[in-house]
$ cat model_3.cif   # mmCIF, C-alpha atoms
data_query
loop_
_atom_site.group_PDB
_atom_site.id
_atom_site.type_symbol
_atom_site.label_atom_id
_atom_site.label_comp_id
_atom_site.auth_asym_id
_atom_site.auth_seq_id
_atom_site.Cartn_x
_atom_site.Cartn_y
_atom_site.Cartn_z
ATOM 1 C CA MET A 261 -10.231 19.041 11.773
ATOM 2 C CA SER A 262 -8.305 20.647 8.935
ATOM 3 C CA SER A 263 -9.018 24.358 8.613
ATOM 4 C CA ASP A 264 -9.200 23.918 4.830
ATOM 5 C CA ILE A 265 -12.740 23.016 3.716
ATOM 6 C CA GLY A 266 -11.302 21.194 0.694
ATOM 7 C CA ILE A 267 -9.490 18.724 2.971
ATOM 8 C CA LEU A 268 -11.275 16.529 5.511
ATOM 9 C CA ARG A 269 -9.717 14.927 8.565
ATOM 10 C CA THR A 270 -11.474 12.012 10.228
ATOM 11 C CA PRO A 271 -12.056 12.805 13.933
ATOM 12 C CA ASP A 272 -9.829 10.895 16.363
ATOM 13 C CA SER A 273 -12.983 9.685 18.074
ATOM 14 C CA SER A 274 -13.711 7.486 15.055
ATOM 15 C CA PHE A 275 -10.659 5.386 15.883
ATOM 16 C CA LEU A 276 -11.233 4.737 19.577
ATOM 17 C CA ASN A 277 -11.004 1.158 20.820
ATOM 18 C CA LEU A 278 -10.408 -0.510 17.485
ATOM 19 C CA LEU A 279 -9.856 -4.248 17.764
ATOM 20 C CA ASP A 280 -6.128 -5.155 17.890
ATOM 21 C CA TYR A 281 -5.000 -1.651 16.901
ATOM 22 C CA SER A 282 -3.442 0.152 19.849
ATOM 23 C CA PHE A 283 -0.460 1.659 18.043
ATOM 24 C CA GLN A 284 0.842 5.178 18.632
ATOM 25 C CA PRO A 285 -0.026 7.557 15.761
ATOM 26 C CA ASN A 286 2.646 9.575 13.966
ATOM 27 C CA TYR A 287 2.049 12.398 11.500
ATOM 28 C CA ILE A 288 4.010 14.229 8.837
ATOM 29 C CA GLU A 289 2.987 17.134 6.607
ATOM 30 C CA LEU A 290 3.361 16.648 2.867
ATOM 31 C CA SER A 291 3.259 19.050 -0.044
ATOM 32 C CA ASN A 292 0.072 20.389 -1.553
ATOM 33 C CA PRO A 293 0.494 20.233 -5.348
ATOM 34 C CA GLY A 294 -1.211 23.621 -5.529
ATOM 35 C CA SER A 295 -4.777 22.727 -6.421
ATOM 36 C CA ILE A 296 -6.097 20.826 -3.402
ATOM 37 C CA GLY A 297 -8.352 22.905 -1.164
ATOM 38 C CA ASN A 298 -6.904 26.410 -0.982
ATOM 39 C CA GLY A 299 -3.761 25.156 -2.695
ATOM 40 C CA LYS A 300 -1.533 25.990 0.245
ATOM 41 C CA THR A 301 -2.592 23.748 3.130
ATOM 42 C CA LYS A 302 -0.151 20.897 3.697
ATOM 43 C CA LEU A 303 -1.582 17.399 3.728
ATOM 44 C CA ARG A 304 -1.140 15.431 6.944
ATOM 45 C CA LEU A 305 -0.170 11.795 6.449
ATOM 46 C CA HIS A 306 -0.500 9.287 9.276
ATOM 47 C CA TYR A 307 1.958 6.460 9.798
ATOM 48 C CA LEU A 308 2.924 3.865 12.366
ATOM 49 C CA ASP A 309 6.570 3.671 13.423
ATOM 50 C CA GLU A 310 7.028 0.557 15.537
ATOM 51 C CA GLY A 311 9.576 -2.085 16.449
ATOM 52 C CA ASN A 312 13.297 -1.582 16.932
ATOM 53 C CA LYS A 313 14.137 2.008 16.009
ATOM 54 C CA ASN A 314 17.860 1.184 16.192
ATOM 55 C CA SER A 315 17.669 -1.606 13.645
ATOM 56 C CA PRO A 316 19.570 -1.073 10.379
ATOM 57 C CA GLU A 317 16.558 -2.698 8.728
ATOM 58 C CA THR A 318 13.357 -0.790 7.938
ATOM 59 C CA ILE A 319 10.281 -2.658 6.758
ATOM 60 C CA LEU A 320 7.864 -0.406 4.884
ATOM 61 C CA LEU A 321 4.306 -1.723 4.649
ATOM 62 C CA LEU A 322 2.146 -0.160 1.933
ATOM 63 C CA HIS A 323 -1.583 -0.874 1.825
ATOM 64 C CA GLY A 324 -3.943 -0.516 -1.107
ATOM 65 C CA GLU A 325 -7.571 0.189 -1.970
ATOM 66 C CA PRO A 326 -9.696 0.714 0.142
ATOM 67 C CA SER A 327 -7.817 -0.366 3.266
ATOM 68 C CA TRP A 328 -5.401 1.371 5.651
ATOM 69 C CA SER A 329 -2.649 0.497 8.117
ATOM 70 C CA TYR A 330 -5.179 -1.530 10.128
ATOM 71 C CA LEU A 331 -4.480 -4.212 7.512
ATOM 72 C CA TYR A 332 -1.025 -4.709 9.056
ATOM 73 C CA ARG A 333 -2.018 -4.870 12.729
ATOM 74 C CA HIS A 334 -0.957 -8.530 12.998
ATOM 75 C CA PHE A 335 2.297 -8.026 11.061
ATOM 76 C CA ILE A 336 3.783 -5.373 13.301
ATOM 77 C CA PRO A 337 4.209 -7.225 16.631
ATOM 78 C CA SER A 338 5.792 -10.186 14.826
ATOM 79 C CA LEU A 339 8.328 -7.920 13.079
ATOM 80 C CA LYS A 340 9.376 -6.030 16.202
ATOM 81 C CA GLN A 341 13.066 -6.945 15.792
ATOM 82 C CA TYR A 342 13.083 -4.500 12.852
ATOM 83 C CA ARG A 343 11.912 -0.939 12.463
ATOM 84 C CA VAL A 344 8.415 -1.266 10.979
ATOM 85 C CA ILE A 345 6.631 1.591 9.249
ATOM 86 C CA ALA A 346 3.073 1.377 7.940
ATOM 87 C CA VAL A 347 1.598 4.415 6.230
ATOM 88 C CA ASP A 348 -1.961 5.483 5.526
ATOM 89 C CA LEU A 349 -2.113 6.790 1.973
ATOM 90 C CA ILE A 350 -3.612 10.245 1.548
ATOM 91 C CA GLY A 351 -7.390 9.742 1.438
ATOM 92 C CA PHE A 352 -7.290 6.678 3.679
ATOM 93 C CA GLY A 353 -7.041 5.726 7.334
ATOM 94 C CA LYS A 354 -6.025 8.558 9.634
ATOM 95 C CA SER A 355 -4.452 10.585 6.813
ATOM 96 C CA ASP A 356 -6.085 13.715 5.387
ATOM 97 C CA LYS A 357 -8.793 13.262 2.789
ATOM 98 C CA PRO A 358 -9.142 15.770 -0.060
ATOM 99 C CA VAL A 359 -12.840 16.050 -0.902
ATOM 100 C CA ASN A 360 -12.680 16.179 -4.702
ATOM 101 C CA LYS A 361 -12.054 13.071 -6.774
ATOM 102 C CA THR A 362 -9.941 15.173 -9.131
ATOM 103 C CA ASP A 363 -7.550 15.796 -6.225
ATOM 104 C CA TYR A 364 -6.411 12.186 -6.531
ATOM 105 C CA THR A 365 -3.960 11.099 -9.204
ATOM 106 C CA TYR A 366 -1.595 8.153 -9.413
ATOM 107 C CA GLN A 367 1.468 10.394 -9.636
ATOM 108 C CA ARG A 368 0.470 12.533 -6.679
ATOM 109 C CA HIS A 369 0.362 9.422 -4.525
ATOM 110 C CA VAL A 370 3.740 8.281 -5.808
ATOM 111 C CA ASN A 371 5.146 11.736 -5.095
ATOM 112 C CA TRP A 372 3.669 11.837 -1.580
ATOM 113 C CA ILE A 373 5.178 8.472 -0.605
ATOM 114 C CA ARG A 374 8.494 9.494 -2.129
ATOM 115 C CA GLU A 375 8.391 12.726 -0.110
ATOM 116 C CA PHE A 376 7.557 10.703 2.999
ATOM 117 C CA ILE A 377 10.524 8.347 2.470
ATOM 118 C CA GLU A 378 12.899 11.232 1.808
ATOM 119 C CA LYS A 379 11.701 13.333 4.764
ATOM 120 C CA LEU A 380 12.200 10.400 7.133
ATOM 121 C CA ASN A 381 15.436 9.563 5.277
ATOM 122 C CA LEU A 382 14.564 5.879 5.136
ATOM 123 C CA ASN A 383 17.249 3.545 3.797
ATOM 124 C CA ASN A 384 17.824 -0.205 3.716
ATOM 125 C CA ILE A 385 14.096 -0.541 3.118
ATOM 126 C CA THR A 386 12.420 -3.895 2.741
ATOM 127 C CA LEU A 387 9.221 -2.991 0.930
ATOM 128 C CA PHE A 388 6.141 -5.131 1.456
ATOM 129 C CA CYS A 389 3.349 -3.969 -0.825
ATOM 130 C CA GLN A 390 -0.060 -5.167 -1.947
ATOM 131 C CA ASP A 391 -2.724 -3.832 -4.341
ATOM 132 C CA TRP A 392 -2.227 -0.051 -4.768
ATOM 133 C CA GLY A 393 0.735 -0.305 -2.438
ATOM 134 C CA SER A 394 2.424 -2.189 -5.291
ATOM 135 C CA LEU A 395 1.415 0.342 -7.934
ATOM 136 C CA ILE A 396 3.004 3.084 -5.850
ATOM 137 C CA GLY A 397 5.884 1.145 -4.340
ATOM 138 C CA LEU A 398 7.091 -0.603 -7.493
ATOM 139 C CA GLN A 399 7.144 2.630 -9.451
ATOM 140 C CA LEU A 400 9.350 4.115 -6.721
ATOM 141 C CA VAL A 401 11.636 1.057 -6.716
ATOM 142 C CA GLY A 402 11.988 1.561 -10.468
ATOM 143 C CA THR A 403 12.784 5.284 -10.160
ATOM 144 C CA GLN A 404 16.529 5.895 -10.206
ATOM 145 C CA GLU A 405 16.725 8.770 -7.750
ATOM 146 C CA ILE A 406 14.974 6.865 -4.953
ATOM 147 C CA GLY A 407 15.218 3.203 -5.945
ATOM 148 C CA ASP A 408 18.574 2.790 -4.197
ATOM 149 C CA ARG A 409 16.859 3.234 -0.841
ATOM 150 C CA PHE A 410 15.224 -0.190 -1.270
ATOM 151 C CA ALA A 411 17.302 -3.195 -0.204
ATOM 152 C CA ARG A 412 14.615 -5.798 -0.880
ATOM 153 C CA VAL A 413 11.096 -6.005 -2.260
ATOM 154 C CA ALA A 414 8.254 -8.390 -1.412
ATOM 155 C CA VAL A 415 5.089 -8.107 -3.498
ATOM 156 C CA ALA A 416 1.770 -9.658 -2.536
ATOM 157 C CA ASN A 417 -1.219 -9.569 -4.901
ATOM 158 C CA GLY A 418 -0.009 -6.556 -6.848
ATOM 159 C CA GLY A 419 1.846 -5.378 -9.902
ATOM 160 C CA LEU A 420 2.894 -2.405 -11.989
ATOM 161 C CA PRO A 421 0.502 -2.029 -14.939
ATOM 162 C CA THR A 422 1.313 0.067 -17.983
ATOM 163 C CA GLY A 423 -1.997 -0.366 -19.789
ATOM 164 C CA ASP A 424 -0.221 -2.172 -22.631
ATOM 165 C CA GLY A 425 -1.410 -5.658 -21.697
ATOM 166 C CA LYS A 426 -4.654 -7.407 -20.872
ATOM 167 C CA ILE A 427 -6.369 -6.833 -17.562
ATOM 168 C CA SER A 428 -7.923 -9.669 -15.606
ATOM 169 C CA LYS A 429 -11.607 -10.457 -15.655
ATOM 170 C CA GLY A 430 -11.542 -10.051 -11.877
ATOM 171 C CA PHE A 431 -10.245 -6.497 -12.113
ATOM 172 C CA THR A 432 -12.739 -5.641 -14.857
ATOM 173 C CA GLN A 433 -15.572 -6.793 -12.603
ATOM 174 C CA TRP A 434 -14.179 -4.784 -9.679
ATOM 175 C CA LEU A 435 -13.799 -1.697 -11.879
ATOM 176 C CA ASN A 436 -17.366 -2.006 -13.154
ATOM 177 C CA PHE A 437 -18.643 -2.300 -9.593
ATOM 178 C CA ALA A 438 -16.520 0.506 -8.169
ATOM 179 C CA SER A 439 -17.318 2.954 -10.971
ATOM 180 C CA GLN A 440 -21.038 2.755 -10.130
ATOM 181 C CA GLN A 441 -20.654 3.507 -6.426
ATOM 182 C CA THR A 442 -21.463 6.875 -4.877
ATOM 183 C CA GLU A 443 -20.810 5.514 -1.399
ATOM 184 C CA MET A 444 -18.722 2.490 -0.479
ATOM 185 C CA ASP A 445 -19.280 -0.008 2.310
ATOM 186 C CA VAL A 446 -15.556 -0.442 2.814
ATOM 187 C CA GLY A 447 -15.848 -3.072 5.518
ATOM 188 C CA ASN A 448 -17.935 -5.237 3.212
ATOM 189 C CA VAL A 449 -15.523 -4.713 0.307
ATOM 190 C CA ILE A 450 -12.702 -5.986 2.513
ATOM 191 C CA LYS A 451 -14.842 -8.925 3.643
ATOM 192 C CA LEU A 452 -15.506 -9.927 0.031
ATOM 193 C CA GLY A 453 -11.747 -10.104 -0.546
ATOM 194 C CA VAL A 454 -11.055 -12.277 2.499
ATOM 195 C CA VAL A 455 -11.527 -16.050 2.689
ATOM 196 C CA ARG A 456 -11.989 -16.386 6.464
ATOM 197 C CA ASP A 457 -15.005 -15.073 8.336
ATOM 198 C CA MET A 458 -14.272 -11.557 9.537
ATOM 199 C CA LYS A 459 -15.491 -10.223 12.854
ATOM 200 C CA GLU A 460 -17.967 -7.362 12.872
ATOM 201 C CA GLU A 461 -15.452 -5.270 14.852
ATOM 202 C CA GLU A 462 -12.856 -5.759 12.109
ATOM 203 C CA MET A 463 -15.259 -4.595 9.428
ATOM 204 C CA ASP A 464 -16.138 -1.607 11.611
ATOM 205 C CA ALA A 465 -12.437 -0.733 11.791
ATOM 206 C CA TYR A 466 -12.235 -0.605 7.997
ATOM 207 C CA ASN A 467 -15.232 1.720 7.919
ATOM 208 C CA ALA A 468 -13.853 3.909 10.716
ATOM 209 C CA PRO A 469 -11.879 6.312 8.461
ATOM 210 C CA PHE A 470 -15.050 7.223 6.555
ATOM 211 C CA PRO A 471 -17.797 8.812 8.720
ATOM 212 C CA ASN A 472 -19.768 9.450 5.515
ATOM 213 C CA GLU A 473 -19.355 9.465 1.751
ATOM 214 C CA LYS A 474 -17.758 12.929 1.753
ATOM 215 C CA TYR A 475 -14.631 11.297 3.165
ATOM 216 C CA GLN A 476 -14.568 8.613 0.463
ATOM 217 C CA ALA A 477 -13.386 10.477 -2.628
ATOM 218 C CA GLY A 478 -10.101 8.562 -2.640
ATOM 219 C CA ALA A 479 -11.678 5.164 -2.081
ATOM 220 C CA LEU A 480 -14.254 5.816 -4.816
ATOM 221 C CA VAL A 481 -11.817 7.084 -7.449
ATOM 222 C CA PHE A 482 -8.765 4.861 -6.875
ATOM 223 C CA PRO A 483 -9.977 1.968 -9.080
ATOM 224 C CA LEU A 484 -10.422 4.404 -11.972
ATOM 225 C CA LEU A 485 -6.789 5.562 -11.709
ATOM 226 C CA VAL A 486 -5.247 2.169 -12.487
ATOM 227 C CA PRO A 487 -3.570 2.314 -15.928
ATOM 228 C CA ILE A 488 -5.627 -0.020 -18.119
ATOM 229 C CA THR A 489 -5.009 1.782 -21.425
ATOM 230 C CA PRO A 490 -1.635 2.719 -22.970
ATOM 231 C CA ASP A 491 -2.451 6.440 -22.907
ATOM 232 C CA ASN A 492 -3.142 6.638 -19.163
ATOM 233 C CA PRO A 493 -1.215 9.607 -17.683
ATOM 234 C CA SER A 494 0.861 7.226 -15.530
ATOM 235 C CA SER A 495 1.530 4.577 -18.179
ATOM 236 C CA GLU A 496 4.765 6.175 -19.340
ATOM 237 C CA TYR A 497 6.036 6.550 -15.760
ATOM 238 C CA ASN A 498 5.450 2.838 -15.249
ATOM 239 C CA ARG A 499 7.124 1.918 -18.537
ATOM 240 C CA GLN A 500 10.178 3.856 -17.414
ATOM 241 C CA ALA A 501 10.055 2.137 -14.028
ATOM 242 C CA TRP A 502 9.910 -1.254 -15.739
ATOM 243 C CA GLN A 503 13.109 -0.460 -17.628
ATOM 244 C CA ASN A 504 14.851 -0.148 -14.280
ATOM 245 C CA LEU A 505 13.021 -3.081 -12.684
ATOM 246 C CA LYS A 506 14.314 -5.290 -15.504
ATOM 247 C CA ASN A 507 17.792 -4.492 -14.133
ATOM 248 C CA PHE A 508 16.845 -4.714 -10.442
ATOM 249 C CA ASN A 509 19.237 -7.281 -8.966
ATOM 250 C CA ARG A 510 18.424 -6.858 -5.311
ATOM 251 C CA PRO A 511 16.296 -9.557 -3.654
ATOM 252 C CA PHE A 512 12.726 -9.624 -4.946
ATOM 253 C CA LEU A 513 10.054 -11.973 -3.601
ATOM 254 C CA THR A 514 6.457 -12.729 -4.542
ATOM 255 C CA LEU A 515 3.953 -13.834 -1.889
ATOM 256 C CA PHE A 516 0.675 -14.090 -3.784
ATOM 257 C CA SER A 517 -2.432 -15.854 -2.541
ATOM 258 C CA ASP A 518 -4.256 -18.686 -4.271
ATOM 259 C CA SER A 519 -7.719 -17.089 -4.220
ATOM 260 C CA ASP A 520 -7.410 -13.619 -5.751
ATOM 261 C CA PRO A 521 -9.068 -13.286 -9.158
ATOM 262 C CA ILE A 522 -7.838 -9.696 -9.509
ATOM 263 C CA THR A 523 -4.064 -10.281 -9.519
ATOM 264 C CA ALA A 524 -3.774 -13.996 -10.345
ATOM 265 C CA GLY A 525 -0.770 -14.650 -12.593
ATOM 266 C CA LEU A 526 1.025 -11.364 -11.977
ATOM 267 C CA ASP A 527 3.476 -13.143 -9.675
ATOM 268 C CA LYS A 528 4.794 -15.186 -12.609
ATOM 269 C CA ILE A 529 5.298 -12.006 -14.643
ATOM 270 C CA LEU A 530 7.255 -10.361 -11.831
ATOM 271 C CA GLN A 531 9.352 -13.496 -11.314
ATOM 272 C CA SER A 532 10.257 -13.662 -14.993
ATOM 273 C CA MET A 533 11.006 -9.973 -15.516
ATOM 274 C CA VAL A 534 12.867 -8.881 -12.362
ATOM 275 C CA PRO A 535 16.411 -10.353 -12.126
ATOM 276 C CA GLY A 536 16.404 -10.130 -8.325
ATOM 277 C CA ALA A 537 13.549 -12.637 -8.237
ATOM 278 C CA ARG A 538 15.806 -15.476 -9.377
ATOM 279 C CA ASN A 539 16.468 -18.183 -6.810
ATOM 280 C CA GLN A 540 14.168 -16.622 -4.234
ATOM 281 C CA ALA A 541 11.659 -18.660 -2.216
ATOM 282 C CA HIS A 542 8.506 -17.476 -3.975
ATOM 283 C CA THR A 543 5.488 -18.786 -2.129
ATOM 284 C CA THR A 544 1.784 -19.134 -2.818
ATOM 285 C CA ILE A 545 -0.234 -18.383 0.300
ATOM 286 C CA THR A 546 -3.062 -20.916 0.391
ATOM 287 C CA GLN A 547 -6.590 -20.064 1.508
ATOM 288 C CA GLY A 548 -5.859 -16.381 1.036
ATOM 289 C CA GLY A 549 -8.040 -13.838 -0.737
ATOM 290 C CA HIS A 550 -7.131 -10.489 -2.255
ATOM 291 C CA PHE A 551 -6.496 -9.109 1.233
ATOM 292 C CA LEU A 552 -4.228 -11.987 2.203
ATOM 293 C CA GLN A 553 -2.884 -9.952 5.136
ATOM 294 C CA GLU A 554 -6.253 -10.622 6.779
ATOM 295 C CA ASP A 555 -6.281 -14.321 5.973
ATOM 296 C CA LYS A 556 -2.711 -15.415 6.672
ATOM 297 C CA PRO A 557 -0.745 -12.642 8.442
ATOM 298 C CA TYR A 558 1.530 -14.910 10.463
ATOM 299 C CA GLU A 559 2.425 -17.144 7.524
ATOM 300 C CA ILE A 560 3.267 -14.088 5.429
ATOM 301 C CA VAL A 561 5.437 -12.613 8.187
ATOM 302 C CA GLU A 562 7.240 -15.937 8.592
ATOM 303 C CA ASN A 563 8.067 -15.913 4.883
ATOM 304 C CA LEU A 564 9.098 -12.265 5.037
ATOM 305 C CA ILE A 565 11.532 -12.848 7.914
ATOM 306 C CA LYS A 566 13.028 -15.875 6.123
ATOM 307 C CA PHE A 567 13.470 -13.698 3.021
ATOM 308 C CA ILE A 568 15.272 -10.991 4.999
ATOM 309 C CA LYS A 569 17.553 -13.464 6.780
ATOM 310 C CA ALA A 570 18.350 -15.337 3.558
ATOM 311 C CA ASN A 571 19.393 -12.074 1.918
ATOM 312 C CA PRO A 572 21.424 -10.103 4.495
ATOM 313 C CA LEU A 573 21.968 -6.411 3.900
ATOM 314 C CA ILE A 574 25.539 -6.692 2.660
ATOM 315 C CA SER A 575 24.593 -8.997 -0.183
ATOM 316 C CA ALA A 576 21.204 -7.371 -0.624
ATOM 317 C CA ARG A 577 22.846 -4.058 -1.494
ATOM 318 C CA LEU A 578 25.168 -5.467 -4.154
#
$ encode --input "model_3.cif" --output "structure tokens"
Amino acid sequence: MSSDIGILRTPDSSFLNLLDYSFQPNYIELSNPGSIGNGKTKLRLHYLDEGNKNSPETILLLHGEPSWSYLYRHFIPSLKQYRVIAVDLIGFGKSDKPVNKTDYTYQRHVNWIREFIEKLNLNNITLFCQDWGSLIGLQLVGTQEIGDRFARVAVANGGLPTGDGKISKGFTQWLNFASQQTEMDVGNVIKLGVVRDMKEEEMDAYNAPFPNEKYQAGALVFPLLVPITPDNPSSEYNRQAWQNLKNFNRPFLTLFSDSDPITAGLDKILQSMVPGARNQAHTTITQGGHFLQEDKPYEIVENLIKFIKANPLISARL
């Protein structure tokens, strides 16, 4: 447990014997912005660091709301020829969980993942991101001081909203639902975003990080942090990131599913606006829901490896 009462840490016992998740945990301490808990306690972020540690290639897997690195359990063994890193965002998975909803902001999460990348000195990154992983990851790709660390980007069911355009009916419905919750059945939320029938043990694994609602501040507030109006505190950061993404010439791939009402159509926007998306093998993953990593992990990995091999590092960095 964290010694700071303003920061919760899910007991290790909650994660025992999870189905298909036997990976070694890794932890790193990240900065407290000064107002979380006592303002001084560092925040412990959990991540997986698997595969070939000597590979020049690093694949960074970023999850979204309300999942955690469990989402990538079937990706990692199939990508073992590369170094594969999957993080748990602060508030999720095995990472620390500030107890107050006001502790969570879009920019804090961007800053924490940037700090993580810089502390581990990750380079030649192939980013795979979905949902909130895209909101965080794409802003970083579009930030000059850190964007050069990314060699390639693959986006699945995600985007980088500024609040200047329309939002989908699917997201509006999700926002209306999420804003009314005081406690979230995370396993069931994941199930609703998956086409196949999930096992009870898999749903239990998604609930594992949250022994009770006190641990769920992040999961409950994340939907409310998405920029859906032009005056959102993060809208200007994302507009600035888009200015750089419009000049991003490194390889950029979309792997969206065919059954996600929340992000449908965002793949076409990314393809048209990011120069690096030209002439790439953009693919629609069929029979995949919002959490397409659950529905079609092996097909996605196959496309990801083809993308990496078709765009070797030398040309990817030009």
$ closest_atom_pairs --input "model_3.cif" --of "segment 372-403 of chain A" --to "segment 409-417 of chain A" --cutoff "7 Å" --atoms "only C-alpha atoms" --output "CSV"
residue,atom,partner,partner_atom,distance
A:Leu382,CA,A:Arg409,CA,6.9
A:Asn383,CA,A:Arg409,CA,4.7
A:Asn384,CA,A:Ala411,CA,5.0
A:Ile385,CA,A:Phe410,CA,4.5
A:Thr386,CA,A:Arg412,CA,4.6
A:Leu387,CA,A:Val413,CA,4.8
A:Phe388,CA,A:Ala414,CA,4.8
A:Cys389,CA,A:Val415,CA,5.2
A:Gln390,CA,A:Ala416,CA,4.9
A:Asp391,CA,A:Asn417,CA,6.0
A:Ser394,CA,A:Val415,CA,6.7
A:Val401,CA,A:Phe410,CA,6.6
$ write_last_selection --input "model_3.cif" --atoms "C-alpha atoms" --output "tab-separated table (two decimals), in the frame of the given file"
chain	number	residue	atom	x	y	z
A	382	LEU	CA	14.56	5.88	5.14
A	383	ASN	CA	17.25	3.54	3.80
A	384	ASN	CA	17.82	-0.20	3.72
A	385	ILE	CA	14.10	-0.54	3.12
A	386	THR	CA	12.42	-3.90	2.74
A	387	LEU	CA	9.22	-2.99	0.93
A	388	PHE	CA	6.14	-5.13	1.46
A	389	CYS	CA	3.35	-3.97	-0.82
A	390	GLN	CA	-0.06	-5.17	-1.95
A	391	ASP	CA	-2.72	-3.83	-4.34
A	394	SER	CA	2.42	-2.19	-5.29
A	401	VAL	CA	11.64	1.06	-6.72
$ closest_residue --input "model_3.cif" --among "A:Glu554, A:Tyr342, A:Lys566, A:Pro471" --to "Met458 of chain A" --atoms "only C-alpha atoms"
A:Glu554
$ atom_distance --input "model_3.cif" --atom1 "atom CA of Lys357 of chain A" --atom2 "atom CA of Leu339 of chain A"
29.1 Å
$ closest_residue --input "model_3.cif" --among "A:Leu395, A:Leu452, A:Leu485, A:Leu513" --to "Leu435 of chain A" --atoms "all atoms listed in the file"
A:Leu485
$ closest_residue --input "model_3.cif" --among "A:His306, A:Arg538, A:Lys361, A:His323" --to "Arg510 of chain A" --atoms "only C-alpha atoms"
A:Arg538
$ atom_distance --input "model_3.cif" --atom1 "atom CA of Ile265 of chain A" --atom2 "atom CA of Arg374 of chain A"
25.8 Å
$ closest_residue --input "model_3.cif" --among "A:Ile267, A:Leu552, A:Ile574, A:Ile396" --to "Val455 of chain A" --atoms "all atoms listed in the file"
A:Leu552
$ resolve_selection --input "model_3.cif" --expression "the PyMOL selection byres ((chain A and resi 332) around 9)" --output "list in words"
Leu321, His323, Trp328, Ser329, Tyr330, Leu331, Arg333, His334, Phe335, Ile336, Ala346, Gln553, Glu554 and Pro557 of chain A
$ closest_atom_pairs --input "model_3.cif" --of "segment 509-566 of chain A" --to "segment 431-434 of chain A" --cutoff "9 Å" --atoms "all atoms listed in the file" --output "Markdown table"
| residue | atom | partner | partner_atom | distance |
| --- | --- | --- | --- | --- |
| A:Pro521 | CA | A:Phe431 | CA | 7.5 |
| A:Ile522 | CA | A:Phe431 | CA | 4.8 |
| A:Thr523 | CA | A:Phe431 | CA | 7.7 |
$ closest_residue --input "model_3.cif" --among "A:Thr442, A:Thr544, A:Gln341, A:Asn371" --to "Glu473 of chain A" --atoms "all atoms listed in the file"
A:Thr442
$ closest_residue --input "model_3.cif" --among "A:Ile545, A:Arg499, A:Gly407, A:Tyr475" --to "Val561 of chain A" --atoms "all atoms listed in the file"
A:Ile545
$ resolve_selection --input "model_3.cif" --expression "the PyMOL selection byres ((chain A and resi 543) around 10)" --output "PyMOL selection string"
chain A and resi 416+513-518+527+540-542+544-546+560+563
$ atom_distance --input "model_3.cif" --atom1 "atom CA of Asp272 of chain A" --atom2 "atom CA of Ile373 of chain A"
22.8 Å
$ residues_around --input "model_3.cif" --residues "Met533 of chain A" --least-positions-apart "6" --cutoff "10 Å" --atoms "only C-alpha atoms" --output "list in words"
Trp502, Gln503, Leu505, Lys506, Asn507 and Phe508 of chain A
